[in-house]
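Source file: final-v3.txt; contents: compact mmCIF, C-alpha atoms.
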```txt
# COMPACT_ATOMS: atom_id res chain seq x y z
CA MET T 263 12.34 -30.45 -22.58
CA GLY T 264 10.92 -28.45 -25.51
CA SER T 265 13.49 -25.65 -25.20
CA LEU T 266 16.33 -28.20 -25.06
CA LEU T 267 15.06 -29.76 -28.28
CA VAL T 268 14.86 -26.35 -30.01
CA PHE T 269 18.35 -25.45 -28.77
CA SER T 270 19.74 -28.78 -30.00
CA PHE T 271 18.16 -28.27 -33.41
CA PHE T 272 19.65 -24.78 -33.85
CA ALA T 273 23.04 -25.93 -32.56
CA ALA T 274 23.07 -28.78 -35.11
CA VAL T 275 22.13 -26.39 -37.94
CA LEU T 276 24.82 -23.92 -36.88
CA LEU T 277 27.51 -26.62 -36.62
CA GLY T 278 26.49 -28.03 -40.02
CA ARG T 279 26.76 -24.61 -41.63
CA LEU T 280 30.13 -23.98 -39.98
CA GLY T 281 31.39 -27.35 -41.24
CA PHE T 282 30.26 -26.53 -44.78
CA LEU T 283 32.01 -23.14 -44.70
CA ILE T 284 35.26 -24.71 -43.47
CA TYR T 285 35.06 -27.40 -46.16
CA ALA T 286 34.38 -24.80 -48.88
CA TYR T 287 37.40 -22.77 -47.69
CA VAL T 288 39.79 -25.74 -47.61
CA TYR T 289 38.53 -27.36 -50.83
CA PRO T 290 37.34 -24.65 -53.23
CA ASP T 291 34.84 -25.80 -55.86
CA SER T 292 36.81 -27.01 -58.88
CA ASP T 293 33.87 -26.24 -61.19
CA ASP T 294 33.71 -22.65 -59.98
CA GLU T 295 33.14 -20.16 -62.79
CA SER T 296 35.75 -17.91 -61.17
CA LEU T 297 38.53 -20.45 -61.90
CA ILE T 298 41.32 -18.80 -63.93
CA LYS T 299 43.27 -21.22 -66.13
CA ILE T 300 46.78 -20.02 -66.96
CA SER T 301 50.20 -21.51 -67.66
CA SER T 302 53.09 -20.63 -65.39
CA GLU T 303 54.89 -19.16 -68.44
CA GLU T 304 51.97 -16.78 -69.08
CA LEU T 305 51.89 -15.78 -65.41
CA ILE T 306 55.65 -15.17 -65.41
CA SER T 307 55.23 -13.01 -68.52
CA GLU T 308 52.49 -10.93 -66.86
CA TYR T 309 54.65 -10.45 -63.76
CA THR T 310 57.63 -9.48 -65.91
CA SER T 311 55.70 -6.84 -67.84
CA ASP T 312 53.81 -5.30 -64.85
CA GLU T 313 54.31 -6.90 -61.44
CA LYS T 314 51.89 -4.61 -59.57
CA ALA T 315 49.05 -5.18 -62.05
CA ALA T 316 49.62 -8.95 -62.04
CA ARG T 317 49.64 -9.03 -58.23
CA LEU T 318 46.32 -7.17 -58.08
CA LYS T 319 44.79 -9.27 -60.86
CA TYR T 320 45.57 -12.70 -59.35
CA LYS T 321 45.99 -12.27 -55.58
CA ASN T 322 43.49 -14.47 -53.66
CA LYS T 323 41.98 -15.79 -56.92
CA PHE T 324 41.38 -19.49 -57.59
CA LEU T 325 43.85 -20.54 -60.32
CA GLU T 326 44.57 -23.63 -62.36
CA LEU T 327 48.28 -23.29 -63.07
CA THR T 328 50.12 -25.56 -65.50
CA GLY T 329 53.86 -25.97 -65.68
CA ARG T 330 56.88 -28.12 -64.94
CA ILE T 331 57.95 -29.15 -61.44
CA SER T 332 61.36 -27.66 -60.65
CA TYR T 333 61.73 -28.85 -57.06
CA ILE T 334 59.78 -30.67 -54.32
CA HIS T 335 60.52 -30.56 -50.60
CA HIS T 336 58.84 -30.95 -47.22
CA ASN T 337 59.11 -28.02 -44.81
CA GLY T 338 58.02 -29.94 -41.71
CA GLN T 339 54.35 -28.98 -41.98
CA GLU T 340 53.46 -29.42 -45.63
CA TYR T 341 54.87 -30.29 -49.01
CA VAL T 342 56.14 -27.42 -51.15
CA MET T 343 56.48 -27.74 -54.90
CA ILE T 344 58.30 -25.12 -56.96
CA LEU T 345 56.79 -24.70 -60.42
CA ASN T 346 58.93 -23.38 -63.29
CA GLU T 347 61.42 -22.04 -60.72
CA ALA T 348 58.99 -19.19 -60.02
CA PHE T 349 55.90 -20.23 -58.05
CA GLU T 350 55.54 -22.11 -54.77
CA CYS T 351 52.63 -24.50 -54.32
CA TYR T 352 51.71 -25.65 -50.81
CA PHE T 353 50.09 -29.04 -50.21
CA LYS T 354 48.80 -30.58 -47.01
CA TYR T 355 49.68 -34.27 -46.62
CA ALA T 356 46.33 -35.56 -47.87
CA ASN T 357 46.41 -33.43 -51.03
CA PHE T 358 49.97 -34.22 -52.14
CA PRO T 359 50.27 -36.80 -54.92
CA LEU T 360 53.28 -38.87 -53.91
CA ILE T 361 53.85 -40.20 -57.44
CA LEU T 362 55.07 -36.84 -58.72
CA SER T 363 58.71 -36.07 -59.32
CA GLU T 364 60.81 -33.17 -60.53
CA ASN T 365 60.66 -32.25 -64.22
CA THR T 366 57.07 -33.54 -64.53
CA GLU T 367 54.40 -31.51 -66.33
CA ILE T 368 51.57 -30.81 -63.91
CA LYS T 369 48.30 -28.96 -63.46
CA ILE T 370 47.74 -27.44 -60.01
CA ARG T 371 44.67 -25.76 -58.54
CA GLY T 372 44.80 -23.46 -55.56
CA VAL T 373 44.43 -19.91 -54.27
CA PHE T 374 47.10 -17.51 -55.54
CA PHE T 375 49.13 -15.54 -53.02
CA ASP T 376 51.84 -12.89 -53.32
CA ASP T 377 53.30 -11.50 -50.12
CA GLY T 378 56.00 -9.44 -51.82
CA LYS T 379 58.71 -12.06 -51.16
CA LYS T 380 57.10 -15.28 -52.34
CA ARG T 381 54.28 -16.02 -54.75
CA GLY T 382 52.40 -19.13 -55.65
CA LEU T 383 49.37 -21.23 -54.72
CA LYS T 384 48.12 -22.33 -51.31
CA ARG T 385 45.61 -25.10 -50.47
CA CYS T 386 46.74 -26.94 -53.60
CA SER T 387 45.56 -30.05 -55.34
CA ALA T 388 47.33 -31.49 -58.37
CA THR T 389 46.91 -33.76 -61.37
CA HIS T 390 49.22 -34.71 -64.18
CA LYS T 391 48.85 -32.39 -67.14
```

Would you mind writing the structure in this file as structure tokens?
Amino acid sequence: MGSLLVFSFFAAVLLGRLGFLIYAYVYPDSDDESLIKISSEELISEYTSDEKAARLKYKNKFLELTGRISYIHHNGQEYVMILNEAFECYFKYANFPLILSENTEIKIRGVFFDDGKKRGLKRCSATHK
């Protein structure tokens, strides 16, 4: 009985920690000191002047990107928003604000990616600018 209680306690602690890590991965802390605030125009400028340096500087970093929505579509799994005709932003259903439309100024937070073909933010959340 005692060993079952100890096992149950450690299993609950382990599952709680795992849940916290998954939550922190899916919803990065918006007050994080590592948040980089930048406009899409500034990011485009950095990519234009030195693409390799910009890729290394921003890849896998938590960004707050501001800009204008160029296009919104649904790819069957998630919503994809194109910002300033340059950056893709991926939203899961629960994180996509349905009141947004094309040509709207917006502020988006997410993790920057650049796979050599596409670049943008994943795990996004958005607010009006």

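Proximity to T:Lys369 was assessed for T:Ala388, T:Ala348, T:Val342, T:Leu325 counting only C-alpha atoms; the smallest distance is recorded for T:Ala388.
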
>> Residues proximal to (50.7, -12.7, -67.4) were defined as those with any atom within 12 Å of that point in the file's coordinates, counting all atoms listed in the file. Which are they, as a list in words?
In response: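 All residues meeting the 12 Å criterion around (50.7, -12.7, -67.4) are Ile298, Lys299, Ile300, Ser301, Ser302, Glu303, Glu304, Leu305, Ile306, Ser307, Glu308, Tyr309, Thr310, Ser311, Asp312, Glu313, Lys314, Ala315, Ala316, Arg317, Leu318, Lys319, Tyr320 and Leu327 of chain T.
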
>> What does the structure give for the distance between atom CA of T:Ile344 and atom CA of T:Ser332, in Å to one decimal?
In response: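 Here the two named atoms are 5.4 Å from each other.
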
> Between T:Lys321, T:Gly338, T:Glu350, T:Thr328, which is the closest to T:Arg371 once you count all atoms listed in the file?
Replying inline: T:Thr328

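Going from atom CA of T:Ile361 over to atom CA of T:Asp376, you cover 27.7 Å.
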
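Among the candidates T:Ile370, T:Ile334, T:Leu266, T:Leu297, the one nearest to T:Leu383 when counting all atoms listed in the file is T:Ile370.
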
>> Under the rule that all atoms listed in the file are counted, which of T:Arg381, T:Glu364, T:Lys354, T:Gly329 is the nearest residue to T:Tyr341?
In response: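 For T:Tyr341, the nearest of the candidates is T:Lys354.
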
> Of the candidates T:Gln339, T:Leu345, T:Tyr333, T:Asn322, which shows the shortest atom-to-atom distance to T:Gly372, using all atoms listed in the file?
Replying inline: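 Ranked by minimum distance to T:Gly372, first place goes to T:Asn322.
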
> So how many Å separate atom CA of T:Gly378 and atom CA of T:Phe349, to one decimal?
Replying inline: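 If I compute the distance from atom CA of T:Gly378 to atom CA of T:Phe349, I get 12.5 Å.
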
>> I want to know what sits within 7 Å of T:Lys384, based on only C-alpha atoms, with residues of the same chain fewer than 2 positions away left out; could you give that as JSON, numbers by chain?
In response: {"T": [351, 352, 372, 373, 374, 382, 386]}

Where atoms are absent from stretch 329-344 of chain T, fill them in so it carries N, CA, C and O atoms, then output it as a compact mmCIF listing (two decimals), in the coordinates of the input.
```txt
# COMPACT_ATOMS: atom_id res chain seq x y z
N GLY T 329 52.43 -26.20 -65.54
CA GLY T 329 53.86 -25.97 -65.68
C GLY T 329 54.65 -27.22 -65.36
O GLY T 329 54.12 -28.31 -65.24
N ARG T 330 55.95 -27.03 -65.21
CA ARG T 330 56.88 -28.12 -64.94
C ARG T 330 57.41 -28.00 -63.51
O ARG T 330 57.78 -26.92 -63.07
N ILE T 331 57.45 -29.13 -62.81
CA ILE T 331 57.95 -29.15 -61.44
C ILE T 331 59.46 -28.96 -61.46
O ILE T 331 60.19 -29.71 -62.09
N SER T 332 59.92 -27.93 -60.76
CA SER T 332 61.36 -27.66 -60.65
C SER T 332 61.95 -28.34 -59.42
O SER T 332 63.09 -28.81 -59.45
N TYR T 333 61.18 -28.38 -58.33
CA TYR T 333 61.73 -28.85 -57.06
C TYR T 333 60.58 -29.22 -56.14
O TYR T 333 59.55 -28.55 -56.14
N ILE T 334 60.76 -30.26 -55.33
CA ILE T 334 59.78 -30.67 -54.32
C ILE T 334 60.51 -30.85 -53.00
O ILE T 334 61.56 -31.48 -52.96
N HIS T 335 59.95 -30.30 -51.92
CA HIS T 335 60.52 -30.56 -50.60
C HIS T 335 59.42 -30.50 -49.54
O HIS T 335 58.30 -30.09 -49.81
N HIS T 336 59.77 -30.94 -48.35
CA HIS T 336 58.84 -30.95 -47.22
C HIS T 336 59.41 -29.99 -46.18
O HIS T 336 60.56 -30.11 -45.80
N ASN T 337 58.61 -29.02 -45.75
CA ASN T 337 59.11 -28.02 -44.81
C ASN T 337 58.79 -28.34 -43.34
O ASN T 337 58.93 -27.49 -42.49
N GLY T 338 58.35 -29.54 -43.07
CA GLY T 338 58.02 -29.94 -41.71
C GLY T 338 56.54 -29.89 -41.42
O GLY T 338 56.05 -30.55 -40.51
N GLN T 339 55.79 -29.09 -42.18
CA GLN T 339 54.35 -28.98 -41.98
C GLN T 339 53.58 -29.39 -43.21
O GLN T 339 52.48 -29.90 -43.12
N GLU T 340 54.14 -29.13 -44.37
CA GLU T 340 53.46 -29.42 -45.63
C GLU T 340 54.48 -29.61 -46.73
O GLU T 340 55.65 -29.31 -46.58
N TYR T 341 54.01 -30.15 -47.85
CA TYR T 341 54.87 -30.29 -49.01
C TYR T 341 54.86 -28.99 -49.81
O TYR T 341 53.82 -28.35 -49.94
N VAL T 342 56.02 -28.62 -50.33
CA VAL T 342 56.14 -27.42 -51.15
C VAL T 342 56.71 -27.84 -52.49
O VAL T 342 57.73 -28.51 -52.57
N MET T 343 56.03 -27.44 -53.54
CA MET T 343 56.48 -27.74 -54.90
C MET T 343 56.79 -26.41 -55.57
O MET T 343 56.01 -25.46 -55.49
N ILE T 344 57.94 -26.32 -56.20
CA ILE T 344 58.30 -25.12 -56.96
C ILE T 344 58.00 -25.41 -58.42
O ILE T 344 58.45 -26.40 -58.97
```
